[in-house]
Amino acid sequence: MPTQTPAASGSDSASGSKAGRNLPAAIGVGLALGVGIIAILLFAPKVWYGIIAVAFAIAIWEVTKRLRDGGYDVPFVPMLVGGQAIIWSSWPWGQAGVLVAFVTTVLVCMVWKLLGQGISNAPENYLRDLAVAVFVLAWLPVLATFGASMVLQDNGAARVATLMVVVVCSDVGGFAAGVLFGKHPMAPAISPKKSWEGLGGSLLVGTIGAVGCVYFLVDDHWWIGLILGPVLVVCATLGDLVESQVKRDLGIKDMGSLLPGHGGIMDRLDSLLPSAFVVWAVLSALA
């Protein structure tokens, strides 16, 4: 979620953008993704599960590759297979299935790391690497299940659309306010481009988007959006900061390069992951 301060954002060599990235490419990719998601939600909403599964298979590959480059020997195969099991188990068995698949995957990772170097050799950095693997599983596929399973709820396509629209509104509001007015860095030690002015723009536009989506798409009380919007924006911003710190620890700028102007798949999912849980929780409780 780009809530930049102009002083920290720099310029983009390809586009001269004050935001520090290739805006034409970023906008084009964003529009293409948005149109594709809208089409799926309108005409084949259950295909959403397949989209989530593929996206997070790529995201786990991106993250584990970066972790391995940074010296963390995380077990890729059980994380990839287990991540898919976590996501798909939420379809027939709900959150209970997610819990069982998550715990099973963690147990497999424990044994995989323990015996990966053979029974004659003790594993190196066992606790550190296993802790990172569990973190990635909780961060990616477990949070992803909330965004996937919403499509199975009553008016599920509208709920997923609400997630996407409000995150985009928050992103656009934060980007515009940060570039135009940003002067006070929010967390310069973690992400120097984020400003308090950008957060204010995210809160304003994101809350407006949430009220509109809850009232017109979900067809429920408008005031639910007044709760959903600010909570989602704060959680999305924190989610983005979490990924920023992970990348800072690894000494990288992006998790990948698959999406021009955006980075990797994971670089677009960072704020969506906690936001998916927020939308699922708030709408399940109030709508």
# chains A, B, ... in the order shown; residues from 1 in each chain; ligands from 1
call {"tool": "residues_around", "arguments": {"residues": "range 104-106 of chain A", "least_positions_apart": "4", "cutoff": "9 Å", "atoms": "only C-alpha atoms", "output": "ChimeraX atom specification"}}
result
/A:78-79,81-83,85-86,99-100,110-111,130,133-134,137
call {"tool": "residues_around", "arguments": {"residues": "range 212-223 of chain A", "least_positions_apart": "2", "cutoff": "12 Å", "atoms": "only C-alpha atoms", "output": "number ranges by chain"}}
result
A: 153-167, 169, 205-210, 225-230, 279, 282-284, 286-287
call {"tool": "atom_distance", "arguments": {"atom1": "CA of His184 in chain A", "atom2": "CA of Asp249 in chain A"}}
result
23.8 Å
call {"tool": "closest_atom_pairs", "arguments": {"of": "range 144-163 of chain A", "to": "range 265-275 of chain A", "cutoff": "10 Å", "atoms": "only C-alpha atoms", "output": "tab-separated table"}}
result
residue	atom	partner	partner_atom	distance
A:Ala144	CA	A:Leu273	CA	6.1
A:Thr145	CA	A:Leu273	CA	9.3
A:Phe146	CA	A:Leu273	CA	8.5
A:Gly147	CA	A:Leu273	CA	7.8
A:Leu163	CA	A:Ser275	CA	7.0
call {"tool": "closest_residue", "arguments": {"among": "A:Val233, A:Leu259, A:Val142, A:Ala59", "to": "Gly94 in chain A", "atoms": "only C-alpha atoms"}}
result
A:Val142
call {"tool": "residues_around", "arguments": {"residues": "Val47 in chain A", "least_positions_apart": "2", "cutoff": "12 Å", "atoms": "only C-alpha atoms", "output": "list in words"}}
result
Gly36, Ile37, Ile38, Ala39, Ile40, Leu41, Leu42, Phe43, Ala44, Pro45, Tyr49, Gly50, Ile51, Ile52, Ala53, Val54, Trp91, Ala148, Ser149, Val151, Leu152 and Ala157 of chain A
call {"tool": "write_last_selection", "arguments": {"atoms": "C-alpha atoms", "output": "mmCIF file, in the first residue's frame"}}
result
data_model
loop_
_atom_site.group_PDB
_atom_site.id
_atom_site.type_symbol
_atom_site.label_atom_id
_atom_site.label_comp_id
_atom_site.auth_asym_id
_atom_site.auth_seq_id
_atom_site.Cartn_x
_atom_site.Cartn_y
_atom_site.Cartn_z
ATOM 1 C CA GLY A 36 -10.139 -10.609 -14.784
ATOM 2 C CA ILE A 37 -11.260 -10.841 -11.150
ATOM 3 C CA ILE A 38 -14.535 -9.046 -11.877
ATOM 4 C CA ALA A 39 -15.272 -11.403 -14.767
ATOM 5 C CA ILE A 40 -14.607 -14.451 -12.595
ATOM 6 C CA LEU A 41 -16.777 -13.202 -9.741
ATOM 7 C CA LEU A 42 -19.629 -12.372 -12.130
ATOM 8 C CA PHE A 43 -19.656 -15.493 -14.286
ATOM 9 C CA ALA A 44 -17.817 -18.279 -12.438
ATOM 10 C CA PRO A 45 -17.342 -17.349 -8.781
ATOM 11 C CA TYR A 49 -10.680 -20.946 -5.462
ATOM 12 C CA GLY A 50 -8.483 -22.019 -8.358
ATOM 13 C CA ILE A 51 -7.157 -18.491 -8.803
ATOM 14 C CA ILE A 52 -6.260 -18.296 -5.114
ATOM 15 C CA ALA A 53 -4.579 -21.708 -5.220
ATOM 16 C CA VAL A 54 -2.410 -20.818 -8.229
ATOM 17 C CA TRP A 91 -13.952 -25.638 0.718
ATOM 18 C CA ALA A 148 -11.100 -17.937 -0.731
ATOM 19 C CA SER A 149 -13.875 -19.249 1.525
ATOM 20 C CA VAL A 151 -16.933 -16.857 -2.114
ATOM 21 C CA LEU A 152 -18.910 -19.821 -0.705
ATOM 22 C CA ALA A 157 -18.996 -12.917 -4.848
#
call {"tool": "atom_distance", "arguments": {"atom1": "CA of Cys235 in chain A", "atom2": "CA of Lys65 in chain A"}}
result
26.2 Å
call {"tool": "atom_distance", "arguments": {"atom1": "CA of Arg68 in chain A", "atom2": "CA of Ala276 in chain A"}}
result
27.6 Å
call {"tool": "closest_residue", "arguments": {"among": "A:Val278, A:Ala177, A:Pro75, A:Pro123", "to": "Val63 in chain A", "atoms": "only C-alpha atoms"}}
result
A:Pro75
call {"tool": "closest_residue", "arguments": {"among": "A:Ser257, A:Asn125, A:Gln245, A:Gln84", "to": "Tyr72 in chain A", "atoms": "only C-alpha atoms"}}
result
A:Asn125
call {"tool": "closest_residue", "arguments": {"among": "A:Trp48, A:Trp112, A:Phe102, A:Trp88", "to": "Val74 in chain A", "atoms": "only C-alpha atoms"}}
result
A:Trp112
call {"tool": "closest_residue", "arguments": {"among": "A:Val103, A:Ala122, A:Val132, A:Ala236", "to": "Phe76 in chain A", "atoms": "only C-alpha atoms"}}
result
A:Val132
call {"tool": "select_by_dssp", "arguments": {"residues": "range 44-238 of chain A", "states": "helix (DSSP H, G or I)", "output": "ChimeraX atom specification"}}
result
/A:47-69,76-115,126-152,156-181,196-217,223-238
call {"tool": "closest_residue", "arguments": {"among": "A:Ala57, A:Val211, A:Asp129, A:Asp240", "to": "Lys193 in chain A", "atoms": "only C-alpha atoms"}}
result
A:Asp240
call {"tool": "select_by_dssp", "arguments": {"residues": "range 128-254 of chain A", "states": "strand (DSSP E or B)", "output": "PDB file with N, CA and C atoms, in the first residue's frame"}}
result
ATOM      1  N   PRO A 185       7.049  10.843   7.751  1.00  0.00           N
ATOM      2  CA  PRO A 185       7.166   9.384   7.620  1.00  0.00           C
ATOM      3  C   PRO A 185       6.486   8.661   8.777  1.00  0.00           C
ATOM      4  N   MET A 186       5.822   7.562   8.445  1.00  0.00           N
ATOM      5  CA  MET A 186       5.104   6.787   9.450  1.00  0.00           C
ATOM      6  C   MET A 186       6.043   5.841  10.187  1.00  0.00           C
ATOM      7  N   ALA A 187       6.803   5.054   9.438  1.00  0.00           N
ATOM      8  CA  ALA A 187       7.723   4.076  10.020  1.00  0.00           C
ATOM      9  C   ALA A 187       8.997   4.072   9.190  1.00  0.00           C
ATOM     10  N   SER A 191       9.721   1.206   6.442  1.00  0.00           N
ATOM     11  CA  SER A 191       9.338   1.553   5.073  1.00  0.00           C
ATOM     12  C   SER A 191       9.327   3.071   4.945  1.00  0.00           C
ATOM     13  N   PRO A 192      10.431   3.677   4.517  1.00  0.00           N
ATOM     14  CA  PRO A 192      10.545   5.142   4.513  1.00  0.00           C
ATOM     15  C   PRO A 192       9.585   5.850   3.578  1.00  0.00           C
ATOM     16  N   LYS A 193       8.942   5.141   2.647  1.00  0.00           N
ATOM     17  CA  LYS A 193       8.035   5.795   1.710  1.00  0.00           C
ATOM     18  C   LYS A 193       6.638   6.023   2.290  1.00  0.00           C
ATOM     19  N   LYS A 194       6.333   5.436   3.412  1.00  0.00           N
ATOM     20  CA  LYS A 194       4.989   5.570   3.967  1.00  0.00           C
ATOM     21  C   LYS A 194       4.903   6.806   4.858  1.00  0.00           C
ATOM     22  N   SER A 195       3.814   7.532   4.726  1.00  0.00           N
ATOM     23  CA  SER A 195       3.623   8.749   5.502  1.00  0.00           C
ATOM     24  C   SER A 195       2.293   8.712   6.230  1.00  0.00           C
TER      25      SER A 195
END
call {"tool": "decode", "arguments": {"residues": "range 191-218 of chain A", "atoms": "N, CA, C and O atoms", "output": "PDB file, in the first residue's frame"}}
result
ATOM      1  N   SER A 191       9.721   1.206   6.442  1.00  0.00           N
ATOM      2  CA  SER A 191       9.338   1.553   5.073  1.00  0.00           C
ATOM      3  C   SER A 191       9.327   3.071   4.945  1.00  0.00           C
ATOM      4  O   SER A 191       8.317   3.721   5.267  1.00  0.00           O
ATOM      5  N   PRO A 192      10.431   3.677   4.517  1.00  0.00           N
ATOM      6  CA  PRO A 192      10.545   5.142   4.513  1.00  0.00           C
ATOM      7  C   PRO A 192       9.585   5.850   3.578  1.00  0.00           C
ATOM      8  O   PRO A 192       9.415   7.063   3.695  1.00  0.00           O
ATOM      9  N   LYS A 193       8.942   5.141   2.647  1.00  0.00           N
ATOM     10  CA  LYS A 193       8.035   5.795   1.710  1.00  0.00           C
ATOM     11  C   LYS A 193       6.638   6.023   2.290  1.00  0.00           C
ATOM     12  O   LYS A 193       5.830   6.711   1.676  1.00  0.00           O
ATOM     13  N   LYS A 194       6.333   5.436   3.412  1.00  0.00           N
ATOM     14  CA  LYS A 194       4.989   5.570   3.967  1.00  0.00           C
ATOM     15  C   LYS A 194       4.903   6.806   4.858  1.00  0.00           C
ATOM     16  O   LYS A 194       5.788   7.071   5.660  1.00  0.00           O
ATOM     17  N   SER A 195       3.814   7.532   4.726  1.00  0.00           N
ATOM     18  CA  SER A 195       3.623   8.749   5.502  1.00  0.00           C
ATOM     19  C   SER A 195       2.293   8.712   6.230  1.00  0.00           C
ATOM     20  O   SER A 195       1.366   7.979   5.865  1.00  0.00           O
ATOM     21  N   TRP A 196       2.200   9.536   7.281  1.00  0.00           N
ATOM     22  CA  TRP A 196       0.931   9.653   8.013  1.00  0.00           C
ATOM     23  C   TRP A 196      -0.139  10.294   7.136  1.00  0.00           C
ATOM     24  O   TRP A 196      -1.319   9.971   7.247  1.00  0.00           O
ATOM     25  N   GLU A 197       0.280  11.211   6.263  1.00  0.00           N
ATOM     26  CA  GLU A 197      -0.691  11.815   5.349  1.00  0.00           C
ATOM     27  C   GLU A 197      -1.251  10.755   4.398  1.00  0.00           C
ATOM     28  O   GLU A 197      -2.438  10.755   4.070  1.00  0.00           O
ATOM     29  N   GLY A 198      -0.384   9.850   3.940  1.00  0.00           N
ATOM     30  CA  GLY A 198      -0.850   8.761   3.090  1.00  0.00           C
ATOM     31  C   GLY A 198      -1.832   7.861   3.809  1.00  0.00           C
ATOM     32  O   GLY A 198      -2.829   7.421   3.240  1.00  0.00           O
ATOM     33  N   LEU A 199      -1.558   7.573   5.087  1.00  0.00           N
ATOM     34  CA  LEU A 199      -2.492   6.759   5.871  1.00  0.00           C
ATOM     35  C   LEU A 199      -3.838   7.455   5.996  1.00  0.00           C
ATOM     36  O   LEU A 199      -4.891   6.813   5.911  1.00  0.00           O
ATOM     37  N   GLY A 200      -3.813   8.790   6.170  1.00  0.00           N
ATOM     38  CA  GLY A 200      -5.072   9.530   6.230  1.00  0.00           C
ATOM     39  C   GLY A 200      -5.863   9.398   4.939  1.00  0.00           C
ATOM     40  O   GLY A 200      -7.083   9.218   4.953  1.00  0.00           O
ATOM     41  N   GLY A 201      -5.160   9.473   3.793  1.00  0.00           N
ATOM     42  CA  GLY A 201      -5.839   9.288   2.514  1.00  0.00           C
ATOM     43  C   GLY A 201      -6.407   7.893   2.372  1.00  0.00           C
ATOM     44  O   GLY A 201      -7.520   7.706   1.854  1.00  0.00           O
ATOM     45  N   SER A 202      -5.673   6.901   2.833  1.00  0.00           N
ATOM     46  CA  SER A 202      -6.164   5.526   2.793  1.00  0.00           C
ATOM     47  C   SER A 202      -7.417   5.368   3.644  1.00  0.00           C
ATOM     48  O   SER A 202      -8.381   4.713   3.241  1.00  0.00           O
ATOM     49  N   LEU A 203      -7.404   5.944   4.845  1.00  0.00           N
ATOM     50  CA  LEU A 203      -8.563   5.837   5.737  1.00  0.00           C
ATOM     51  C   LEU A 203      -9.790   6.497   5.122  1.00  0.00           C
ATOM     52  O   LEU A 203     -10.898   5.948   5.180  1.00  0.00           O
ATOM     53  N   LEU A 204      -9.600   7.668   4.515  1.00  0.00           N
ATOM     54  CA  LEU A 204     -10.732   8.390   3.929  1.00  0.00           C
ATOM     55  C   LEU A 204     -11.317   7.628   2.745  1.00  0.00           C
ATOM     56  O   LEU A 204     -12.517   7.297   2.723  1.00  0.00           O
ATOM     57  N   VAL A 205     -10.500   7.328   1.755  1.00  0.00           N
ATOM     58  CA  VAL A 205     -11.003   6.695   0.530  1.00  0.00           C
ATOM     59  C   VAL A 205     -11.413   5.250   0.808  1.00  0.00           C
ATOM     60  O   VAL A 205     -12.415   4.766   0.275  1.00  0.00           O
ATOM     61  N   GLY A 206     -10.647   4.560   1.651  1.00  0.00           N
ATOM     62  CA  GLY A 206     -10.991   3.182   1.974  1.00  0.00           C
ATOM     63  C   GLY A 206     -12.313   3.066   2.702  1.00  0.00           C
ATOM     64  O   GLY A 206     -13.103   2.150   2.430  1.00  0.00           O
ATOM     65  N   THR A 207     -12.588   3.980   3.617  1.00  0.00           N
ATOM     66  CA  THR A 207     -13.858   3.938   4.352  1.00  0.00           C
ATOM     67  C   THR A 207     -15.026   4.277   3.440  1.00  0.00           C
ATOM     68  O   THR A 207     -16.100   3.658   3.529  1.00  0.00           O
ATOM     69  N   ILE A 208     -14.841   5.254   2.561  1.00  0.00           N
ATOM     70  CA  ILE A 208     -15.890   5.574   1.585  1.00  0.00           C
ATOM     71  C   ILE A 208     -16.177   4.351   0.717  1.00  0.00           C
ATOM     72  O   ILE A 208     -17.339   3.991   0.459  1.00  0.00           O
ATOM     73  N   GLY A 209     -15.128   3.696   0.252  1.00  0.00           N
ATOM     74  CA  GLY A 209     -15.307   2.490  -0.551  1.00  0.00           C
ATOM     75  C   GLY A 209     -16.002   1.386   0.217  1.00  0.00           C
ATOM     76  O   GLY A 209     -16.858   0.678  -0.329  1.00  0.00           O
ATOM     77  N   ALA A 210     -15.671   1.229   1.500  1.00  0.00           N
ATOM     78  CA  ALA A 210     -16.289   0.184   2.321  1.00  0.00           C
ATOM     79  C   ALA A 210     -17.775   0.448   2.524  1.00  0.00           C
ATOM     80  O   ALA A 210     -18.602  -0.474   2.429  1.00  0.00           O
ATOM     81  N   VAL A 211     -18.125   1.689   2.808  1.00  0.00           N
ATOM     82  CA  VAL A 211     -19.543   2.033   2.987  1.00  0.00           C
ATOM     83  C   VAL A 211     -20.315   1.755   1.707  1.00  0.00           C
ATOM     84  O   VAL A 211     -21.405   1.154   1.733  1.00  0.00           O
ATOM     85  N   GLY A 212     -19.762   2.172   0.569  1.00  0.00           N
ATOM     86  CA  GLY A 212     -20.438   1.942  -0.700  1.00  0.00           C
ATOM     87  C   GLY A 212     -20.576   0.472  -1.034  1.00  0.00           C
ATOM     88  O   GLY A 212     -21.635   0.018  -1.481  1.00  0.00           O
ATOM     89  N   CYS A 213     -19.526  -0.307  -0.790  1.00  0.00           N
ATOM     90  CA  CYS A 213     -19.580  -1.736  -1.109  1.00  0.00           C
ATOM     91  C   CYS A 213     -20.570  -2.473  -0.217  1.00  0.00           C
ATOM     92  O   CYS A 213     -21.334  -3.323  -0.698  1.00  0.00           O
ATOM     93  N   VAL A 214     -20.553  -2.181   1.074  1.00  0.00           N
ATOM     94  CA  VAL A 214     -21.472  -2.871   1.987  1.00  0.00           C
ATOM     95  C   VAL A 214     -22.915  -2.540   1.635  1.00  0.00           C
ATOM     96  O   VAL A 214     -23.792  -3.421   1.645  1.00  0.00           O
ATOM     97  N   TYR A 215     -23.175  -1.297   1.283  1.00  0.00           N
ATOM     98  CA  TYR A 215     -24.557  -0.873   1.008  1.00  0.00           C
ATOM     99  C   TYR A 215     -25.032  -1.347  -0.362  1.00  0.00           C
ATOM    100  O   TYR A 215     -26.146  -1.890  -0.487  1.00  0.00           O
ATOM    101  N   PHE A 216     -24.194  -1.200  -1.398  1.00  0.00           N
ATOM    102  CA  PHE A 216     -24.651  -1.484  -2.752  1.00  0.00           C
ATOM    103  C   PHE A 216     -24.346  -2.923  -3.210  1.00  0.00           C
ATOM    104  O   PHE A 216     -25.124  -3.498  -3.979  1.00  0.00           O
ATOM    105  N   LEU A 217     -23.219  -3.497  -2.772  1.00  0.00           N
ATOM    106  CA  LEU A 217     -22.863  -4.840  -3.220  1.00  0.00           C
ATOM    107  C   LEU A 217     -23.363  -5.914  -2.253  1.00  0.00           C
ATOM    108  O   LEU A 217     -24.026  -6.865  -2.672  1.00  0.00           O
ATOM    109  N   VAL A 218     -23.023  -5.761  -0.986  1.00  0.00           N
ATOM    110  CA  VAL A 218     -23.430  -6.755   0.003  1.00  0.00           C
ATOM    111  C   VAL A 218     -24.896  -6.592   0.376  1.00  0.00           C
ATOM    112  O   VAL A 218     -25.531  -7.511   0.886  1.00  0.00           O
TER     113      VAL A 218
END
